[in-house]
>>> print(open('work25.csv').read())   # CSV, C-alpha atoms
chain,number,residue,atom,x,y,z
N,16,MET,CA,0.0,0.0,0.0
N,17,THR,CA,2.9,2.4,0.8
N,18,LEU,CA,4.3,1.8,-2.7
N,19,LEU,CA,1.0,2.2,-4.3
N,20,ILE,CA,0.2,5.5,-2.5
N,21,THR,CA,3.6,6.9,-3.3
N,22,VAL,CA,3.4,5.9,-7.0
N,23,PHE,CA,0.0,7.7,-7.2
N,24,ALA,CA,1.5,10.8,-5.5
N,25,ALA,CA,4.5,10.7,-7.9
N,26,VAL,CA,2.3,10.4,-11.0
N,27,ILE,CA,-0.1,13.2,-9.9
N,28,THR,CA,2.7,15.5,-8.9
N,29,THR,CA,4.5,14.9,-12.3
N,30,ALA,CA,1.3,15.6,-14.2
N,31,ILE,CA,0.7,18.9,-12.3
N,32,TRP,CA,4.4,19.8,-12.9
N,33,TYR,CA,4.0,19.1,-16.7
N,34,LYS,CA,0.7,21.0,-17.0
N,35,LYS,CA,1.7,24.1,-15.0
N,36,SER,CA,5.4,24.1,-16.0
N,37,ASP,CA,5.7,26.8,-13.3
N,38,GLU,CA,9.3,27.0,-11.9
N,39,LYS,CA,8.1,29.3,-9.2
N,40,MET,CA,6.0,26.6,-7.5
N,41,MET,CA,9.1,24.4,-7.2
N,42,LEU,CA,7.3,21.1,-7.8
N,43,GLY,CA,10.5,19.5,-9.0
N,44,PRO,CA,11.8,18.5,-5.5
N,45,LEU,CA,8.4,16.9,-4.7
N,46,CYS,CA,8.5,14.8,-8.0
N,47,TRP,CA,12.0,13.7,-7.3
N,48,MET,CA,11.1,12.7,-3.7
N,49,PHE,CA,8.1,10.7,-4.7
N,50,TRP,CA,9.8,8.9,-7.6
N,51,GLY,CA,13.0,8.2,-5.6
N,52,ALA,CA,10.9,6.6,-2.8
N,53,SER,CA,8.7,4.7,-5.3
N,54,ILE,CA,11.7,3.1,-7.1
N,55,MET,CA,13.3,2.1,-3.7
N,56,TRP,CA,10.0,0.7,-2.4
N,57,LEU,CA,9.6,-1.2,-5.7
N,58,VAL,CA,12.9,-3.0,-5.0
N,59,ASP,CA,11.6,-3.7,-1.4
N,60,ALA,CA,8.4,-5.1,-2.9
N,61,ILE,CA,10.3,-7.3,-5.4
N,62,PHE,CA,12.3,-8.9,-2.5
N,63,GLU,CA,9.1,-9.3,-0.4
N,64,TYR,CA,7.3,-11.0,-3.4
N,65,ALA,CA,10.3,-13.3,-3.9
N,66,GLU,CA,9.9,-14.4,-0.3
N,67,LEU,CA,6.1,-14.5,0.1
N,68,LYS,CA,5.1,-15.3,-3.5
N,69,ALA,CA,1.3,-15.0,-4.1
N,70,GLU,CA,0.7,-14.3,-0.3
N,71,TYR,CA,2.3,-10.9,-1.0
N,72,PHE,CA,-1.0,-9.8,-2.8
N,73,THR,CA,-3.3,-10.9,0.1
N,74,PRO,CA,-2.0,-8.9,3.1
N,75,ALA,CA,-3.8,-9.0,6.5
N,76,LEU,CA,-6.3,-6.2,7.0
N,77,GLU,CA,-4.2,-4.8,10.0
N,78,ASP,CA,-1.1,-4.7,7.8
N,79,MET,CA,-2.9,-3.0,5.0
N,80,ILE,CA,-4.3,-0.3,7.4
N,81,ASN,CA,-0.8,0.2,8.9
N,82,ASP,CA,0.8,0.5,5.4
N,83,SER,CA,-1.9,2.9,4.2
N,84,PHE,CA,-1.3,5.0,7.3
N,85,LEU,CA,2.4,5.0,6.6
N,86,GLY,CA,1.9,5.9,3.0
N,87,LEU,CA,-0.2,8.9,3.9
N,88,SER,CA,2.3,9.9,6.6
N,89,VAL,CA,5.1,9.7,4.0
N,90,ILE,CA,3.1,12.0,1.6
N,91,ALA,CA,2.5,14.4,4.5
N,92,LEU,CA,6.2,14.5,5.3
N,93,ALA,CA,7.1,15.0,1.6
N,94,LEU,CA,4.6,17.9,1.4
N,95,ILE,CA,6.0,19.5,4.5
N,96,ILE,CA,9.6,19.3,3.1
N,97,TRP,CA,8.3,20.8,-0.1
N,98,VAL,CA,6.5,23.7,1.6
N,99,VAL,CA,9.6,24.4,3.7
N,100,ILE,CA,11.8,24.5,0.6
N,101,LEU,CA,9.3,26.7,-1.1
N,102,LEU,CA,9.1,29.2,1.8
N,103,ILE,CA,12.8,29.4,2.3
N,104,LYS,CA,13.7,29.8,-1.4
N,105,ASP,CA,10.7,32.0,-1.9
N,106,PRO,CA,10.9,32.2,-5.7
N,107,ARG,CA,7.8,34.5,-6.0
N,108,GLY,CA,9.1,36.8,-3.3
N,109,THR,CA,5.9,36.5,-1.3
N,110,VAL,CA,7.5,35.8,2.0
N,111,ARG,CA,9.9,38.7,1.6
N,112,ALA,CA,7.1,41.0,0.6
N,113,LYS,CA,5.1,40.0,3.6
N,114,LEU,CA,8.1,40.5,5.9
N,115,LEU,CA,8.9,44.0,4.5
N,116,LYS,CA,5.3,45.1,4.6
N,117,LYS,CA,4.6,47.5,7.5
P,18,MET,CA,16.6,-2.9,8.2
P,19,ALA,CA,19.1,-0.3,6.9
P,20,CYS,CA,18.9,-0.7,3.2
P,21,PHE,CA,18.6,3.0,2.6
P,22,VAL,CA,22.2,3.5,3.8
P,23,VAL,CA,23.6,2.3,0.5
P,24,PRO,CA,21.6,4.8,-1.7
P,25,GLY,CA,22.3,7.4,1.0
P,26,THR,CA,26.1,6.9,0.5
P,27,GLU,CA,25.7,7.1,-3.3
P,28,ALA,CA,23.7,10.3,-2.8
P,29,ILE,CA,26.6,11.9,-0.8
P,30,VAL,CA,29.1,11.0,-3.5
P,31,VAL,CA,26.9,12.0,-6.4
P,32,THR,CA,26.0,15.4,-4.8
P,33,ALA,CA,29.7,16.1,-4.2
P,34,ALA,CA,30.5,15.2,-7.8
P,35,ALA,CA,27.6,17.4,-9.1
P,36,VAL,CA,28.7,20.4,-7.1
P,37,LEU,CA,32.3,20.1,-8.4
P,38,LEU,CA,31.1,19.6,-12.0
P,39,LYS,CA,28.7,22.6,-11.7
P,40,LYS,CA,31.7,24.8,-10.6
P,41,TYR,CA,33.8,23.5,-13.5
P,42,GLU,CA,31.0,24.1,-16.1
P,43,GLN,CA,30.4,27.6,-14.8
P,44,ASN,CA,34.2,28.4,-15.0
P,45,ARG,CA,34.3,27.0,-18.5
P,46,ALA,CA,31.3,28.9,-19.6
P,47,GLN,CA,32.8,32.2,-18.3
P,48,MET,CA,36.1,31.5,-20.0
P,49,LYS,CA,34.2,30.8,-23.3
P,50,LEU,CA,32.2,34.0,-22.9
P,51,HIS,CA,35.4,36.1,-22.4
P,52,SER,CA,37.1,34.5,-25.5
P,53,ASP,CA,34.0,34.6,-27.8
P,54,GLY,CA,32.7,38.0,-26.8
P,55,ALA,CA,28.9,38.3,-27.0
P,56,SER,CA,26.9,35.1,-26.4
P,57,THR,CA,25.2,33.4,-29.4
P,58,GLU,CA,21.5,32.9,-29.9
P,59,ALA,CA,21.9,29.0,-30.0
P,60,PRO,CA,19.6,27.2,-27.6
P,61,VAL,CA,21.4,26.2,-24.4
P,62,ARG,CA,21.4,22.4,-23.7
P,63,THR,CA,21.1,21.1,-20.2
P,64,GLY,CA,24.6,20.7,-18.7
P,65,PHE,CA,25.7,17.3,-17.3
P,66,ALA,CA,26.0,18.8,-13.8
P,67,ARG,CA,22.3,19.6,-13.8
P,68,LYS,CA,21.6,16.0,-14.9
P,69,LEU,CA,23.8,14.7,-12.2
P,70,PHE,CA,21.7,16.7,-9.7
P,71,TRP,CA,18.6,14.9,-11.0
P,72,LEU,CA,20.2,11.6,-9.8
P,73,ALA,CA,21.2,13.3,-6.4
P,74,ASP,CA,17.6,14.5,-6.0
P,75,LEU,CA,16.1,11.1,-6.8
P,76,LEU,CA,18.5,9.4,-4.3
P,77,TRP,CA,18.0,12.0,-1.5
P,78,GLY,CA,14.2,12.0,-2.0
P,79,GLY,CA,14.1,8.2,-1.7
P,80,VAL,CA,16.5,8.1,1.2
P,81,ILE,CA,14.6,10.7,3.3
P,82,LEU,CA,11.2,9.0,2.8
P,83,LEU,CA,12.7,5.5,3.4
P,84,ALA,CA,14.5,6.7,6.5
P,85,PHE,CA,11.1,7.8,7.8
P,86,GLU,CA,9.7,4.4,7.0
P,87,HIS,CA,12.5,2.7,9.0
P,88,LEU,CA,11.9,5.1,11.9
P,89,TRP,CA,8.2,4.2,11.7
P,90,HIS,CA,9.0,0.4,11.9
P,91,GLY,CA,11.5,1.0,14.8
P,92,GLU,CA,14.5,-0.1,12.7
P,93,VAL,CA,16.2,3.2,13.1
P,94,VAL,CA,16.3,5.3,16.2
P,95,PRO,CA,17.2,9.0,16.6
P,96,PHE,CA,20.0,8.2,19.1
P,97,PHE,CA,23.3,6.2,19.1
P,98,PRO,CA,23.8,3.6,17.6
P,99,PHE,CA,20.9,4.7,15.4
P,100,LEU,CA,20.3,1.2,13.9
P,101,THR,CA,18.3,-1.0,16.2
P,102,ALA,CA,19.9,-4.1,14.8
P,103,ALA,CA,23.3,-3.0,16.1
P,104,THR,CA,22.0,-3.6,19.7
P,105,GLU,CA,20.4,-7.0,19.0
P,106,GLY,CA,23.5,-9.1,18.7
P,107,PRO,CA,25.7,-10.4,15.8
P,108,GLU,CA,22.9,-12.4,14.1
P,109,ALA,CA,20.8,-9.2,13.7
P,110,VAL,CA,23.9,-7.3,12.5
P,111,SER,CA,24.7,-10.0,9.9
P,112,GLU,CA,21.1,-10.0,8.7
P,113,MET,CA,21.2,-6.2,8.4
P,114,LEU,CA,24.4,-6.3,6.4
P,115,SER,CA,23.1,-8.9,4.1
P,116,GLU,CA,20.0,-6.8,3.5
P,117,MET,CA,22.1,-3.8,2.8
P,118,VAL,CA,24.2,-5.8,0.2
P,119,SER,CA,21.1,-7.2,-1.5
P,120,VAL,CA,18.2,-4.8,-1.2
P,121,GLY,CA,20.3,-1.6,-0.7
P,122,VAL,CA,22.6,-2.2,-3.6
P,123,LEU,CA,19.7,-3.1,-5.9
P,124,MET,CA,17.9,0.1,-4.9
P,125,ALA,CA,21.0,2.2,-5.8
P,126,VAL,CA,21.5,0.3,-9.0
P,127,LEU,CA,17.9,0.6,-10.1
P,128,VAL,CA,17.8,4.3,-9.4
P,129,THR,CA,21.0,4.8,-11.3
P,130,VAL,CA,19.8,2.8,-14.3
P,131,ILE,CA,16.5,4.8,-14.4
P,132,TRP,CA,18.6,8.0,-14.3
P,133,VAL,CA,20.7,6.8,-17.2
P,134,ALA,CA,17.6,6.1,-19.2
P,135,MET,CA,16.3,9.6,-18.3
P,136,VAL,CA,19.6,11.2,-19.5
P,137,LEU,CA,19.4,9.3,-22.8
P,138,VAL,CA,15.7,10.3,-23.3
P,139,SER,CA,16.4,13.9,-22.4
P,140,ALA,CA,19.3,14.0,-24.9
P,141,ALA,CA,17.0,12.7,-27.6
P,142,ILE,CA,14.3,15.3,-26.7
P,143,GLU,CA,16.9,18.1,-26.8
P,144,LYS,CA,17.8,17.1,-30.4
P,145,ARG,CA,14.2,17.1,-31.5
P,146,PRO,CA,12.9,20.2,-33.2
P,147,ALA,CA,10.7,22.4,-30.9
P,148,PRO,CA,7.0,21.6,-31.4
P,149,GLN,CA,5.2,24.1,-33.6
P,150,LYS,CA,2.1,25.9,-32.3
P,151,ALA,CA,-1.0,24.8,-34.1
P,152,GLU,CA,-2.2,27.4,-36.5
P,153,ALA,CA,-5.7,28.8,-35.8
P,154,SER,CA,-8.3,27.4,-38.2
P,155,VAL,CA,-9.9,29.9,-40.5
>>> encode(input="work25.csv", output="structure tokens")
Amino acid sequence: MTLLITVFAAVITTAIWYKKSDEKMMLGPLCWMFWGASIMWLVDAIFEYAELKAEYFTPALEDMINDSFLGLSVIALALIIWVVILLIKDPRGTVRAKLLKK
Amino acid sequence: MACFVVPGTEAIVVTAAAVLLKKYEQNRAQMKLHSDGASTEAPVRTGFARKLFWLADLLWGGVILLAFEHLWHGEVVPFFPFLTAATEGPEAVSEMLSEMVSVGVLMAVLVTVIWVAMVLVSAAIEKRPAPQKAEASV
């Protein structure tokens, strides 16, 4: 579930990046984060499949819930990192303008 | 257990190489500008340093999110010795090392292979003529 959720996040983020093509929203780091994690979890999944075989596709409900919760938490963490990068780099100058505003 | 350590190590090396290469490319571009005078109108292709940063970003992104997953599962702790397996005896350490060698190395290799494919595809895209805007129908 973690892999699946991250892959969906990667595809959606990449589609938005392609459509908007807006350097000032800095979607690039978010895409890299999701794709990097997706590739690494894919390797994890391959090894797990080699060990469990068909059982890999029928996880226990408790494991599925835990994995989904982890997947959502991972996305939340990635979004927080992206927002922090966006606010620190401030490509639109919004934060600077707010700070300088009396 | 600690498979993300291998791509993490690769990320450090790749980032250092990308930073050095970027400085080299900037110096070379400045020298060329001084010798040629005004810059030409030719489209600027993506430098290799920037492409190397793609690999670094992929690796760092994956490593950060995987480290969080390991923290979630209690395999990594935020205090010394950081890896839970290190406190569980030689058998756990041996299992951790074998996982690093198998899963970790394959993670690093797969990310690098995908990056190589991306570099080849991007080079092909750069050679392609720019798409023409569709003319408005009369």
>>> closest_atom_pairs(input="work25.csv", of="chain P", to="chain N", cutoff="7 Å", atoms="only C-alpha atoms", output="JSON lines")
{"residue": "P:Asp74", "atom": "CA", "partner": "N:Trp47", "partner_atom": "CA", "distance": 5.8}
{"residue": "P:Leu75", "atom": "CA", "partner": "N:Gly51", "partner_atom": "CA", "distance": 4.4}
{"residue": "P:Leu76", "atom": "CA", "partner": "N:Gly51", "partner_atom": "CA", "distance": 5.8}
{"residue": "P:Gly78", "atom": "CA", "partner": "N:Met48", "partner_atom": "CA", "distance": 3.6}
{"residue": "P:Gly79", "atom": "CA", "partner": "N:Ala52", "partner_atom": "CA", "distance": 3.7}
{"residue": "P:Leu82", "atom": "CA", "partner": "N:Ala52", "partner_atom": "CA", "distance": 6.1}
{"residue": "P:Leu83", "atom": "CA", "partner": "N:Ala52", "partner_atom": "CA", "distance": 6.5}
{"residue": "P:Val120", "atom": "CA", "partner": "N:Asp59", "partner_atom": "CA", "distance": 6.7}
{"residue": "P:Leu123", "atom": "CA", "partner": "N:Val58", "partner_atom": "CA", "distance": 6.9}
{"residue": "P:Met124", "atom": "CA", "partner": "N:Met55", "partner_atom": "CA", "distance": 5.2}
{"residue": "P:Val128", "atom": "CA", "partner": "N:Ile54", "partner_atom": "CA", "distance": 6.6}
>>> residues_around(input="work25.csv", residues="stretch 30-39 of chain N", least_positions_apart="3", cutoff="12 Å", atoms="only C-alpha atoms", output="PyMOL selection string")
chain N and resi 23-27+42-47+100-102+104-109
>>> atom_distance(input="work25.csv", atom1="atom CA of P:Met135", atom2="atom CA of N:Leu19")
22.0 Å
>>> closest_residue(input="work25.csv", among="P:Val126, P:Ala46, P:Leu100, P:Ala66", to="P:His87", atoms="only C-alpha atoms")
P:Leu100
>>> atom_distance(input="work25.csv", atom1="atom CA of N:Ile20", atom2="atom CA of P:Cys20")
20.5 Å
>>> closest_residue(input="work25.csv", among="N:Leu67, N:Leu114, N:Met41, N:Ile80", to="N:Trp97", atoms="all atoms listed in the file")
N:Met41
>>> atom_distance(input="work25.csv", atom1="atom CA of P:Pro24", atom2="atom CA of P:Val122")
7.3 Å
>>> residues_near_point(input="work25.csv", point="(24.4, 21.9, -13.1)", cutoff="8 Å", atoms="all atoms listed in the file", output="PyMOL selection string")
chain P and resi 35-36+38-39+42+63-70
>>> closest_residue(input="work25.csv", among="P:Trp71, P:Thr32, P:Leu114, P:Gln43", to="P:Val133", atoms="all atoms listed in the file")
P:Trp71
>>> build_atoms(input="work25.csv", residues="stretch 30-41 of chain P", atoms="all heavy atoms", output="PDB file, in the coordinates of the input")
ATOM      1  N   VAL P  30      28.053  10.937  -2.495  1.00  0.00           N
ATOM      2  CA  VAL P  30      29.100  11.000  -3.500  1.00  0.00           C
ATOM      3  C   VAL P  30      28.626  11.717  -4.767  1.00  0.00           C
ATOM      4  O   VAL P  30      29.340  12.577  -5.301  1.00  0.00           O
ATOM      5  CB  VAL P  30      29.525   9.504  -3.887  1.00  0.00           C
ATOM      6  CG1 VAL P  30      30.514   9.504  -5.052  1.00  0.00           C
ATOM      7  CG2 VAL P  30      30.117   8.795  -2.679  1.00  0.00           C
ATOM      8  N   VAL P  31      27.388  11.416  -5.198  1.00  0.00           N
ATOM      9  CA  VAL P  31      26.900  12.000  -6.400  1.00  0.00           C
ATOM     10  C   VAL P  31      26.678  13.554  -6.210  1.00  0.00           C
ATOM     11  O   VAL P  31      27.000  14.346  -7.102  1.00  0.00           O
ATOM     12  CB  VAL P  31      25.508  11.377  -6.817  1.00  0.00           C
ATOM     13  CG1 VAL P  31      24.805  12.176  -7.898  1.00  0.00           C
ATOM     14  CG2 VAL P  31      25.743   9.961  -7.306  1.00  0.00           C
ATOM     15  N   THR P  32      26.202  13.958  -5.029  1.00  0.00           N
ATOM     16  CA  THR P  32      26.000  15.400  -4.800  1.00  0.00           C
ATOM     17  C   THR P  32      27.361  16.122  -4.813  1.00  0.00           C
ATOM     18  O   THR P  32      27.466  17.199  -5.427  1.00  0.00           O
ATOM     19  CB  THR P  32      25.352  15.604  -3.382  1.00  0.00           C
ATOM     20  OG1 THR P  32      24.161  14.825  -3.321  1.00  0.00           O
ATOM     21  CG2 THR P  32      24.997  17.061  -3.153  1.00  0.00           C
ATOM     22  N   ALA P  33      28.380  15.525  -4.192  1.00  0.00           N
ATOM     23  CA  ALA P  33      29.700  16.100  -4.200  1.00  0.00           C
ATOM     24  C   ALA P  33      30.218  16.269  -5.644  1.00  0.00           C
ATOM     25  O   ALA P  33      30.720  17.335  -6.047  1.00  0.00           O
ATOM     26  CB  ALA P  33      30.677  15.308  -3.368  1.00  0.00           C
ATOM     27  N   ALA P  34      30.044  15.217  -6.425  1.00  0.00           N
ATOM     28  CA  ALA P  34      30.500  15.200  -7.800  1.00  0.00           C
ATOM     29  C   ALA P  34      29.730  16.290  -8.624  1.00  0.00           C
ATOM     30  O   ALA P  34      30.321  17.015  -9.432  1.00  0.00           O
ATOM     31  CB  ALA P  34      30.306  13.853  -8.453  1.00  0.00           C
ATOM     32  N   ALA P  35      28.421  16.390  -8.378  1.00  0.00           N
ATOM     33  CA  ALA P  35      27.600  17.400  -9.100  1.00  0.00           C
ATOM     34  C   ALA P  35      27.989  18.790  -8.783  1.00  0.00           C
ATOM     35  O   ALA P  35      28.042  19.647  -9.671  1.00  0.00           O
ATOM     36  CB  ALA P  35      26.116  17.122  -8.788  1.00  0.00           C
ATOM     37  N   VAL P  36      28.289  19.051  -7.498  1.00  0.00           N
ATOM     38  CA  VAL P  36      28.700  20.400  -7.100  1.00  0.00           C
ATOM     39  C   VAL P  36      30.017  20.795  -7.762  1.00  0.00           C
ATOM     40  O   VAL P  36      30.158  21.900  -8.311  1.00  0.00           O
ATOM     41  CB  VAL P  36      28.816  20.488  -5.543  1.00  0.00           C
ATOM     42  CG1 VAL P  36      29.495  21.780  -5.113  1.00  0.00           C
ATOM     43  CG2 VAL P  36      27.436  20.391  -4.900  1.00  0.00           C
ATOM     44  N   LEU P  37      30.976  19.857  -7.764  1.00  0.00           N
ATOM     45  CA  LEU P  37      32.300  20.100  -8.400  1.00  0.00           C
ATOM     46  C   LEU P  37      32.118  20.356  -9.897  1.00  0.00           C
ATOM     47  O   LEU P  37      32.709  21.270 -10.462  1.00  0.00           O
ATOM     48  CB  LEU P  37      33.241  18.961  -8.132  1.00  0.00           C
ATOM     49  CG  LEU P  37      33.731  18.811  -6.690  1.00  0.00           C
ATOM     50  CD1 LEU P  37      34.566  17.552  -6.528  1.00  0.00           C
ATOM     51  CD2 LEU P  37      34.553  20.032  -6.271  1.00  0.00           C
ATOM     52  N   LEU P  38      31.300  19.505 -10.525  1.00  0.00           N
ATOM     53  CA  LEU P  38      31.100  19.600 -12.000  1.00  0.00           C
ATOM     54  C   LEU P  38      30.386  20.912 -12.337  1.00  0.00           C
ATOM     55  O   LEU P  38      30.702  21.527 -13.357  1.00  0.00           O
ATOM     56  CB  LEU P  38      30.261  18.408 -12.450  1.00  0.00           C
ATOM     57  CG  LEU P  38      30.230  18.179 -13.956  1.00  0.00           C
ATOM     58  CD1 LEU P  38      31.626  17.842 -14.475  1.00  0.00           C
ATOM     59  CD2 LEU P  38      29.273  17.046 -14.307  1.00  0.00           C
ATOM     60  N   LYS P  39      29.468  21.344 -11.477  1.00  0.00           N
ATOM     61  CA  LYS P  39      28.700  22.600 -11.700  1.00  0.00           C
ATOM     62  C   LYS P  39      29.728  23.777 -11.722  1.00  0.00           C
ATOM     63  O   LYS P  39      29.677  24.645 -12.593  1.00  0.00           O
ATOM     64  CB  LYS P  39      27.675  22.807 -10.652  1.00  0.00           C
ATOM     65  CG  LYS P  39      26.728  23.936 -10.957  1.00  0.00           C
ATOM     66  CD  LYS P  39      25.733  24.101  -9.834  1.00  0.00           C
ATOM     67  CE  LYS P  39      24.911  25.372 -10.013  1.00  0.00           C
ATOM     68  NZ  LYS P  39      24.063  25.633  -8.861  1.00  0.00           N
ATOM     69  N   LYS P  40      30.647  23.763 -10.726  1.00  0.00           N
ATOM     70  CA  LYS P  40      31.700  24.800 -10.600  1.00  0.00           C
ATOM     71  C   LYS P  40      32.526  24.829 -11.896  1.00  0.00           C
ATOM     72  O   LYS P  40      32.833  25.871 -12.467  1.00  0.00           O
ATOM     73  CB  LYS P  40      32.521  24.647  -9.393  1.00  0.00           C
ATOM     74  CG  LYS P  40      31.865  25.189  -8.140  1.00  0.00           C
ATOM     75  CD  LYS P  40      32.785  25.103  -6.961  1.00  0.00           C
ATOM     76  CE  LYS P  40      32.041  25.512  -5.702  1.00  0.00           C
ATOM     77  NZ  LYS P  40      32.788  25.164  -4.500  1.00  0.00           N
ATOM     78  N   TYR P  41      32.928  23.619 -12.323  1.00  0.00           N
ATOM     79  CA  TYR P  41      33.800  23.500 -13.500  1.00  0.00           C
ATOM     80  C   TYR P  41      33.058  24.001 -14.744  1.00  0.00           C
ATOM     81  O   TYR P  41      33.640  24.747 -15.543  1.00  0.00           O
ATOM     82  CB  TYR P  41      34.169  22.002 -13.680  1.00  0.00           C
ATOM     83  CG  TYR P  41      34.838  21.691 -14.991  1.00  0.00           C
ATOM     84  CD1 TYR P  41      36.164  22.057 -15.229  1.00  0.00           C
ATOM     85  CD2 TYR P  41      34.138  21.028 -16.010  1.00  0.00           C
ATOM     86  CE1 TYR P  41      36.769  21.775 -16.434  1.00  0.00           C
ATOM     87  CE2 TYR P  41      34.734  20.749 -17.218  1.00  0.00           C
ATOM     88  CZ  TYR P  41      36.048  21.121 -17.429  1.00  0.00           C
ATOM     89  OH  TYR P  41      36.642  20.848 -18.632  1.00  0.00           O
TER      90      TYR P  41
END
